[in-house]
$ cat work_34.txt   # compact mmCIF, C-alpha atoms
# COMPACT_ATOMS: atom_id res chain seq x y z
CA MET A 1 22.72 207.73 11.18
CA SER A 2 21.79 211.00 9.57
CA ALA A 3 22.32 214.07 11.73
CA LYS A 4 19.63 216.49 12.76
CA ILE A 5 20.36 220.05 11.66
CA ILE A 6 20.90 222.79 14.26
CA ASP A 7 19.13 225.53 12.32
CA GLY A 8 20.75 228.87 13.14
CA LYS A 9 18.10 230.72 11.17
CA ILE A 10 15.25 229.44 13.36
CA LEU A 11 17.22 229.85 16.59
CA ALA A 12 18.35 233.39 15.73
CA ALA A 13 14.76 234.35 14.89
CA GLN A 14 13.64 233.09 18.31
CA VAL A 15 16.40 235.07 20.05
CA LYS A 16 15.49 238.21 18.09
CA GLU A 17 11.82 237.87 18.99
CA ASN A 18 12.77 237.66 22.66
CA VAL A 19 15.09 240.66 22.29
CA LYS A 20 12.29 242.65 20.64
CA GLN A 21 10.05 242.06 23.67
CA GLN A 22 12.84 243.04 26.08
CA VAL A 23 13.55 246.22 24.11
CA ALA A 24 9.86 247.15 24.42
CA ALA A 25 10.01 246.50 28.19
CA LEU A 26 13.12 248.68 28.56
CA ARG A 27 11.56 251.49 26.56
CA GLN A 28 8.56 251.48 28.88
CA LYS A 29 11.05 252.17 31.68
CA GLY A 30 12.57 255.07 29.75
CA VAL A 31 15.63 253.25 28.37
CA ASN A 32 16.28 253.23 24.62
CA PRO A 33 18.93 250.52 23.98
CA CYS A 34 21.65 251.77 21.66
CA LEU A 35 24.54 250.01 19.92
CA ALA A 36 27.39 252.05 18.42
CA VAL A 37 29.46 250.37 15.70
CA VAL A 38 32.77 251.88 14.57
CA LEU A 39 33.78 250.92 11.04
CA VAL A 40 37.24 251.85 9.77
CA GLY A 41 37.76 251.69 6.02
CA GLU A 42 35.68 249.99 3.36
CA SER A 43 36.67 246.32 3.55
CA PRO A 44 33.83 244.47 1.74
CA ALA A 45 33.61 241.79 4.47
CA SER A 46 33.48 244.37 7.26
CA VAL A 47 30.93 246.51 5.42
CA THR A 48 28.73 243.42 4.95
CA TYR A 49 29.00 242.45 8.63
CA VAL A 50 28.13 245.96 9.78
CA ARG A 51 25.17 246.14 7.41
CA GLY A 52 23.89 242.87 8.90
CA LYS A 53 24.21 244.25 12.42
CA GLU A 54 22.32 247.40 11.43
CA LYS A 55 19.53 245.25 9.96
CA ASP A 56 19.30 243.15 13.15
CA CYS A 57 19.10 246.26 15.34
CA ASN A 58 16.37 247.77 13.17
CA GLU A 59 14.33 244.56 13.33
CA CYS A 60 14.49 244.49 17.13
CA GLY A 61 14.03 248.19 17.85
CA ILE A 62 17.59 248.78 19.06
CA GLU A 63 18.97 252.19 18.10
CA ASN A 64 22.03 251.76 15.90
CA ARG A 65 24.78 254.32 15.39
CA THR A 66 27.40 253.50 12.78
CA ILE A 67 30.49 255.71 12.86
CA ARG A 68 32.40 255.37 9.58
CA LEU A 69 36.05 256.42 9.58
CA PRO A 70 38.57 256.44 6.70
CA GLU A 71 41.22 253.73 6.33
CA SER A 72 43.83 256.45 6.99
CA VAL A 73 42.46 257.35 10.44
CA SER A 74 45.14 257.65 13.13
CA GLU A 75 45.17 255.58 16.29
CA GLN A 76 44.72 258.75 18.34
CA GLU A 77 41.65 259.80 16.32
CA LEU A 78 40.06 256.36 16.66
CA LEU A 79 40.74 256.26 20.40
CA ALA A 80 39.11 259.69 20.74
CA VAL A 81 35.95 258.35 19.03
CA VAL A 82 35.85 255.29 21.31
CA GLN A 83 36.39 257.44 24.42
CA GLU A 84 33.57 259.78 23.37
CA LEU A 85 31.20 256.81 22.97
CA ALA A 86 32.39 255.42 26.31
CA GLN A 87 31.32 258.65 28.03
CA ASP A 88 27.97 258.91 26.21
CA SER A 89 25.29 257.58 28.56
CA ALA A 90 22.87 257.15 25.63
CA VAL A 91 25.20 254.51 24.11
CA HIS A 92 24.98 251.12 25.83
CA GLY A 93 27.17 248.94 23.61
CA ILE A 94 30.34 249.71 21.64
CA LEU A 95 31.64 247.49 18.86
CA VAL A 96 34.78 248.29 16.90
CA GLN A 97 34.70 246.24 13.70
CA LEU A 98 37.87 244.20 13.24
CA PRO A 99 40.37 243.93 11.65
CA LEU A 100 41.81 247.44 11.92
CA PRO A 101 44.44 249.00 9.60
CA ALA A 102 48.13 248.36 10.28
CA GLN A 103 48.78 251.81 11.80
CA ILE A 104 46.41 251.07 14.70
CA ASP A 105 47.15 248.92 17.77
CA GLU A 106 44.03 246.75 17.93
CA ARG A 107 44.53 245.81 21.59
CA LYS A 108 44.85 249.44 22.66
CA VAL A 109 41.54 250.30 20.97
CA ILE A 110 39.68 247.29 22.39
CA THR A 111 41.02 248.00 25.89
CA ALA A 112 39.58 251.54 25.65
CA ILE A 113 36.02 250.10 25.60
CA PRO A 114 34.51 250.05 29.12
CA PRO A 115 33.68 246.46 30.22
CA LEU A 116 30.02 247.43 30.77
CA LYS A 117 29.81 248.48 27.10
CA ASP A 118 31.97 245.64 25.76
CA VAL A 119 29.16 243.81 23.97
CA ASP A 120 31.66 241.98 21.73
CA GLY A 121 33.29 240.48 24.82
CA PHE A 122 36.84 241.24 23.69
CA THR A 123 38.41 243.43 26.41
CA PRO A 124 41.09 241.96 28.73
CA GLU A 125 38.83 242.59 31.74
CA THR A 126 36.00 240.63 30.10
CA ALA A 127 38.44 237.79 29.33
CA GLY A 128 39.51 237.79 32.99
CA ARG A 129 35.92 237.73 34.20
CA LEU A 130 35.14 234.83 31.86
CA MET A 131 38.16 232.97 33.21
CA THR A 132 37.14 233.46 36.85
CA GLY A 133 33.46 232.77 36.23
CA GLU A 134 32.29 236.28 37.11
CA PRO A 135 29.38 237.95 35.26
CA CYS A 136 30.44 239.41 31.90
CA PHE A 137 29.42 239.68 28.26
CA ALA A 138 30.66 236.46 26.68
CA PRO A 139 32.09 236.83 23.16
CA CYS A 140 29.21 236.46 20.74
CA THR A 141 30.35 233.47 18.67
CA PRO A 142 31.14 231.19 21.66
CA ALA A 143 27.89 232.30 23.34
CA GLY A 144 26.09 231.33 20.13
CA VAL A 145 27.84 227.93 20.17
CA ILE A 146 26.48 227.22 23.67
CA ALA A 147 22.99 228.36 22.64
CA MET A 148 23.08 226.01 19.64
CA LEU A 149 24.24 223.08 21.77
CA LYS A 150 21.52 223.73 24.37
CA SER A 151 18.88 223.89 21.62
CA THR A 152 19.43 220.16 20.95
CA GLY A 153 18.11 219.27 24.41
CA VAL A 154 21.14 217.02 24.98
CA GLU A 155 22.56 217.15 28.53
CA LEU A 156 25.97 218.85 28.25
CA ALA A 157 27.29 218.15 31.75
CA GLY A 158 29.88 215.38 31.82
CA LYS A 159 30.35 215.32 28.04
CA HIS A 160 33.83 215.39 26.51
CA ALA A 161 34.05 218.53 24.37
CA VAL A 162 36.89 219.06 21.90
CA VAL A 163 37.50 222.59 20.62
CA LEU A 164 39.51 222.81 17.40
CA GLY A 165 41.27 226.18 17.51
CA ARG A 166 42.65 228.38 20.30
CA SER A 167 41.92 231.93 19.13
CA ARG A 168 41.09 234.52 21.79
CA ILE A 169 37.84 235.33 19.93
CA VAL A 170 36.42 231.79 19.59
CA GLY A 171 38.53 228.85 20.74
CA LYS A 172 39.64 229.93 24.22
CA PRO A 173 36.32 231.52 25.32
CA ALA A 174 34.36 228.56 23.87
CA ALA A 175 36.47 226.22 26.02
CA LEU A 176 35.74 228.32 29.13
CA LEU A 177 32.01 228.43 28.42
CA LEU A 178 31.96 224.65 27.90
CA LEU A 179 33.75 224.23 31.24
CA GLY A 180 30.99 226.41 32.70
CA GLU A 181 28.49 223.84 31.39
CA ASN A 182 30.44 221.13 33.26
CA CYS A 183 31.95 219.56 30.16
CA THR A 184 35.42 217.99 30.15
CA VAL A 185 37.27 220.12 27.61
CA THR A 186 40.22 219.45 25.31
CA VAL A 187 41.58 222.31 23.19
CA CYS A 188 43.37 221.24 19.99
CA HIS A 189 45.49 223.41 17.69
CA SER A 190 48.16 223.30 14.97
CA LYS A 191 50.76 221.74 17.30
CA THR A 192 48.45 219.04 18.75
CA LYS A 193 49.64 215.46 18.31
CA ASN A 194 47.14 212.66 17.61
CA LEU A 195 44.57 215.25 16.50
CA GLN A 196 42.36 212.77 14.67
CA GLN A 197 42.16 210.42 17.66
CA LEU A 198 41.35 213.25 20.08
CA CYS A 199 38.55 214.57 17.84
CA ALA A 200 37.14 211.07 17.44
CA GLN A 201 36.71 210.84 21.23
CA ALA A 202 34.57 213.99 21.40
CA ASP A 203 30.92 213.90 22.40
CA ILE A 204 30.89 217.58 21.38
CA LEU A 205 33.16 218.87 18.60
CA VAL A 206 33.50 222.62 17.99
CA ALA A 207 35.45 223.36 14.80
CA ALA A 208 37.02 226.83 14.68
CA ILE A 209 40.28 226.17 12.88
CA GLY A 210 39.76 228.21 9.70
CA GLU A 211 40.37 225.52 7.08
CA ALA A 212 37.67 224.45 4.64
CA GLY A 213 36.47 220.86 5.09
CA PHE A 214 39.21 220.09 7.66
CA VAL A 215 36.99 217.88 9.83
CA THR A 216 36.18 214.63 8.03
CA ALA A 217 33.98 211.70 9.06
CA ASP A 218 36.93 209.66 10.42
CA MET A 219 37.53 212.44 12.98
CA VAL A 220 33.99 212.30 14.36
CA LYS A 221 32.51 209.98 16.97
CA GLU A 222 29.22 208.26 16.14
CA GLY A 223 26.40 210.32 17.66
CA ALA A 224 28.50 213.44 18.37
CA LEU A 225 27.24 217.03 18.46
CA VAL A 226 29.20 219.02 15.85
CA ILE A 227 29.27 222.81 15.74
CA ASP A 228 30.99 224.37 12.72
CA VAL A 229 32.29 227.90 13.36
CA GLY A 230 34.45 228.10 10.23
CA ILE A 231 33.80 230.59 7.46
CA ASN A 232 35.78 229.71 4.34
CA ARG A 233 35.47 229.61 0.56
CA ASN A 234 35.82 226.30 -1.24
CA ALA A 235 37.43 225.74 -4.67
CA GLU A 236 34.18 226.84 -6.34
CA GLY A 237 34.11 230.04 -4.28
CA LYS A 238 31.12 228.91 -2.21
CA LEU A 239 30.85 229.68 1.49
CA CYS A 240 31.67 226.62 3.59
CA GLY A 241 32.77 225.67 7.08
CA ASP A 242 35.63 223.75 8.68
CA VAL A 243 33.57 220.55 8.57
CA ASP A 244 33.05 218.30 5.56
CA PHE A 245 29.30 218.53 6.06
CA ALA A 246 28.09 215.68 3.82
CA SER A 247 30.31 212.95 5.30
CA VAL A 248 30.15 214.15 8.93
CA ALA A 249 26.33 214.43 8.84
CA GLU A 250 26.25 210.63 8.31
CA LYS A 251 27.90 210.05 11.71
CA ALA A 252 26.90 212.96 13.95
CA ALA A 253 23.65 213.14 15.92
CA TRP A 254 23.45 216.93 15.47
CA ILE A 255 25.35 219.29 13.17
CA SER A 256 25.28 223.01 12.42
CA PRO A 257 25.52 224.11 8.77
CA VAL A 258 27.58 226.86 7.11
CA PRO A 259 26.01 229.19 6.16
CA GLY A 260 22.95 229.16 8.40
CA GLY A 261 24.55 228.33 11.72
CA ALA A 262 27.15 230.01 13.92
CA GLY A 263 27.25 233.25 11.90
CA LEU A 264 23.57 234.00 12.46
CA MET A 265 23.82 233.08 16.14
CA THR A 266 26.83 235.36 16.58
CA ARG A 267 24.76 238.31 15.37
CA ALA A 268 21.84 237.28 17.60
CA MET A 269 24.04 237.10 20.73
CA LEU A 270 25.32 240.62 20.04
CA LEU A 271 21.72 241.83 20.40
CA VAL A 272 21.35 239.89 23.67
CA ASN A 273 24.55 241.46 25.04
CA THR A 274 23.39 244.95 23.98
CA ILE A 275 20.07 244.81 25.83
CA ARG A 276 21.77 243.26 28.87
CA ALA A 277 24.21 246.18 28.80
CA ALA A 278 21.37 248.71 28.58
CA ALA A 279 19.63 247.10 31.55
CA LEU A 280 22.78 246.84 33.70
CA GLN A 281 23.80 250.46 33.05
CA ASN A 282 20.37 251.55 34.26
CA ASN A 283 20.17 249.11 37.22
CA LEU A 284 17.19 247.34 35.67
CA GLU A 285 16.17 243.70 35.50
CA ILE A 286 15.10 242.20 32.16

$ encode --input "work_34.txt" --output "structure tokens"
Amino acid sequence: MSAKIIDGKILAAQVKENVKQQVAALRQKGVNPCLAVVLVGESPASVTYVRGKEKDCNECGIENRTIRLPESVSEQELLAVVQELAQDSAVHGILVQLPLPAQIDERKVITAIPPLKDVDGFTPETAGRLMTGEPCFAPCTPAGVIAMLKSTGVELAGKHAVVLGRSRIVGKPAALLLLGENCTVTVCHSKTKNLQQLCAQADILVAAIGEAGFVTADMVKEGALVIDVGINRNAEGKLCGDVDFASVAEKAAWISPVPGGAGLMTRAMLLVNTIRAAALQNNLEI
């Protein structure tokens, strides 16, 4: 078997086209969707991510405000910026680019974002809503994972999904979203025993463990759906995922590549959350 590719580039383009139409509809009703991004310092990775988000917003007609702050900014100063954006009715989504410098309590800053503007899906209230199945903005990467799985046309209900990784940003919310799709979910992590056997039982395998090429063909069930969330550099310095793509693609039915998969869908889902936020804050349907 040779796996079909879940093409994040094509999927993200479709999402963006839909977002563009919804932005136009909101503007006709007098709402100009706006995303505010707070960038602290000049970390090359963070600067690149923010530039990508700006590009996406421009393509879809979403107003983008990027607030750049020095690496030396105090926690109090950063909180004041977030609180000002929280009170600004023209701003519909707030994203604080992570990681933050050591002098700043990340959780305190994230908690300061109102849930209705939490388009990254990181606040404790959002996590609680996700847990209880109430409406909320799902974190963008796990939401992108579900969108990629649905794009295959494979029925998800009843499938055994294994999530490799238990981070609060990807692993845990991905497990909750998969439960919401009526999958049976196993979460594996660094202390899991019989990891290889558990992965090999998965109809759906989501790799978010942060280790290049960790998932090999002997860990994958014949005909599985494999989503690679990892972003690593291999020995040659090339971008790669957590999955050994070449060997796993021989066994899986569907597989997402790195690059060209989860990263692009993460950015696309941020746009979806932003226009949903703009609509909800103005009591509009989209």

$ residues_around --input "work_34.txt" --residues "Cys199 in chain A" --least-positions-apart "4" --cutoff "7 Å" --atoms "all atoms listed in the file" --output "list in words"
Val162, Leu195, Leu205, Met219 and Val220 of chain A

$ residues_around --input "work_34.txt" --residues "range 105-117 of chain A" --least-positions-apart "6" --cutoff "8 Å" --atoms "only C-alpha atoms" --output "PDB file with C-alpha atoms, in the frame of the given file"
ATOM      1  CA  GLU A  75      45.170 255.580  16.290  1.00  0.00           C
ATOM      2  CA  LEU A  78      40.060 256.360  16.660  1.00  0.00           C
ATOM      3  CA  LEU A  79      40.740 256.260  20.400  1.00  0.00           C
ATOM      4  CA  VAL A  82      35.850 255.290  21.310  1.00  0.00           C
ATOM      5  CA  GLN A  83      36.390 257.440  24.420  1.00  0.00           C
ATOM      6  CA  ALA A  86      32.390 255.420  26.310  1.00  0.00           C
ATOM      7  CA  HIS A  92      24.980 251.120  25.830  1.00  0.00           C
ATOM      8  CA  GLY A  93      27.170 248.940  23.610  1.00  0.00           C
ATOM      9  CA  ILE A  94      30.340 249.710  21.640  1.00  0.00           C
ATOM     10  CA  VAL A  96      34.780 248.290  16.900  1.00  0.00           C
ATOM     11  CA  PRO A  99      40.370 243.930  11.650  1.00  0.00           C
ATOM     12  CA  THR A 123      38.410 243.430  26.410  1.00  0.00           C
ATOM     13  CA  PRO A 124      41.090 241.960  28.730  1.00  0.00           C
ATOM     14  CA  GLU A 125      38.830 242.590  31.740  1.00  0.00           C
ATOM     15  CA  THR A 126      36.000 240.630  30.100  1.00  0.00           C
ATOM     16  CA  CYS A 136      30.440 239.410  31.900  1.00  0.00           C
ATOM     17  CA  THR A 274      23.390 244.950  23.980  1.00  0.00           C
ATOM     18  CA  ALA A 277      24.210 246.180  28.800  1.00  0.00           C
ATOM     19  CA  LEU A 280      22.780 246.840  33.700  1.00  0.00           C
ATOM     20  CA  GLN A 281      23.800 250.460  33.050  1.00  0.00           C
TER      21      GLN A 281
END

$ closest_residue --input "work_34.txt" --among "A:Leu100, A:Leu130, A:Val226, A:Leu271" --to "Trp254 in chain A" --atoms "all atoms listed in the file"
A:Val226

$ residues_around --input "work_34.txt" --residues "range 208-216 of chain A" --least-positions-apart "3" --cutoff "9 Å" --atoms "only C-alpha atoms" --output "list in words"
Val163, Leu164, Gly165, Arg166, Ser167, Val170, Gly171, His189, Ser190, Gln196, Cys199, Met219, Val220, Ile227, Asp228, Val229, Gly230, Ile231, Asn232, Arg233, Asn234, Cys240, Gly241, Asp242, Val243, Asp244, Phe245, Ser247 and Val248 of chain A

$ atom_distance --input "work_34.txt" --atom1 "CA of Gly223 in chain A" --atom2 "CA of Ala13 in chain A"
26.8 Å

$ residues_around --input "work_34.txt" --residues "Glu181 in chain A" --least-positions-apart "5" --cutoff "12 Å" --atoms "all atoms listed in the file" --output "mmCIF file with C-alpha atoms, in the frame of the given file"
data_model
loop_
_atom_site.group_PDB
_atom_site.id
_atom_site.type_symbol
_atom_site.label_atom_id
_atom_site.label_comp_id
_atom_site.auth_asym_id
_atom_site.auth_seq_id
_atom_site.Cartn_x
_atom_site.Cartn_y
_atom_site.Cartn_z
ATOM 1 C CA GLY A 133 33.460 232.770 36.230
ATOM 2 C CA ALA A 143 27.890 232.300 23.340
ATOM 3 C CA VAL A 145 27.840 227.930 20.170
ATOM 4 C CA ILE A 146 26.480 227.220 23.670
ATOM 5 C CA ALA A 147 22.990 228.360 22.640
ATOM 6 C CA LEU A 149 24.240 223.080 21.770
ATOM 7 C CA LYS A 150 21.520 223.730 24.370
ATOM 8 C CA VAL A 154 21.140 217.020 24.980
ATOM 9 C CA GLU A 155 22.560 217.150 28.530
ATOM 10 C CA LEU A 156 25.970 218.850 28.250
ATOM 11 C CA ALA A 157 27.290 218.150 31.750
ATOM 12 C CA GLY A 158 29.880 215.380 31.820
ATOM 13 C CA LYS A 159 30.350 215.320 28.040
ATOM 14 C CA HIS A 160 33.830 215.390 26.510
ATOM 15 C CA ALA A 161 34.050 218.530 24.370
ATOM 16 C CA ALA A 174 34.360 228.560 23.870
ATOM 17 C CA ALA A 175 36.470 226.220 26.020
ATOM 18 C CA LEU A 176 35.740 228.320 29.130
#

$ closest_residue --input "work_34.txt" --among "A:Leu225, A:Asp218, A:Val50, A:Arg68" --to "Ala202 in chain A" --atoms "all atoms listed in the file"
A:Leu225

$ atom_distance --input "work_34.txt" --atom1 "CA of Ser72 in chain A" --atom2 "CA of Asp88 in chain A"
25.0 Å

$ atom_distance --input "work_34.txt" --atom1 "CA of Thr66 in chain A" --atom2 "CA of Asn273 in chain A"
17.4 Å

$ closest_residue --input "work_34.txt" --among "A:Ala200, A:Ala24, A:Ile67, A:Arg267" --to "Lys251 in chain A" --atoms "only C-alpha atoms"
A:Ala200

$ closest_residue --input "work_34.txt" --among "A:Val40, A:Ala278, A:Ile286, A:Ile255" --to "Gln22 in chain A" --atoms "all atoms listed in the file"
A:Ile286

$ residues_around --input "work_34.txt" --residues "Val19 in chain A" --least-positions-apart "6" --cutoff "9 Å" --atoms "all atoms listed in the file" --output "VMD selection string"
chain A and resid 60 to 61 268 271 to 272 275

$ write_last_selection --input "work_34.txt" --atoms "C-alpha atoms" --output "PDB file, in the coordinates of the input"
ATOM      1  CA  CYS A  60      14.490 244.490  17.130  1.00  0.00           C
ATOM      2  CA  GLY A  61      14.030 248.190  17.850  1.00  0.00           C
ATOM      3  CA  ALA A 268      21.840 237.280  17.600  1.00  0.00           C
ATOM      4  CA  LEU A 271      21.720 241.830  20.400  1.00  0.00           C
ATOM      5  CA  VAL A 272      21.350 239.890  23.670  1.00  0.00           C
ATOM      6  CA  ILE A 275      20.070 244.810  25.830  1.00  0.00           C
TER       7      ILE A 275
END

$ closest_residue --input "work_34.txt" --among "A:Ile204, A:Val31, A:Glu77, A:Pro139" --to "Ile62 in chain A" --atoms "all atoms listed in the file"
A:Val31

$ closest_residue --input "work_34.txt" --among "A:Leu177, A:Ala45, A:Ala36, A:Leu270" --to "Leu95 in chain A" --atoms "only C-alpha atoms"
A:Ala36

$ axis_aligned_box --input "work_34.txt" --around "range 45-59 of chain A" --padding-each-side "6 Å" --output "AutoDock Vina command-line options"
--center_x 24.0 --center_y 244.8 --center_z 9.9 --size_x 31.3 --size_y 18.0 --size_z 22.9
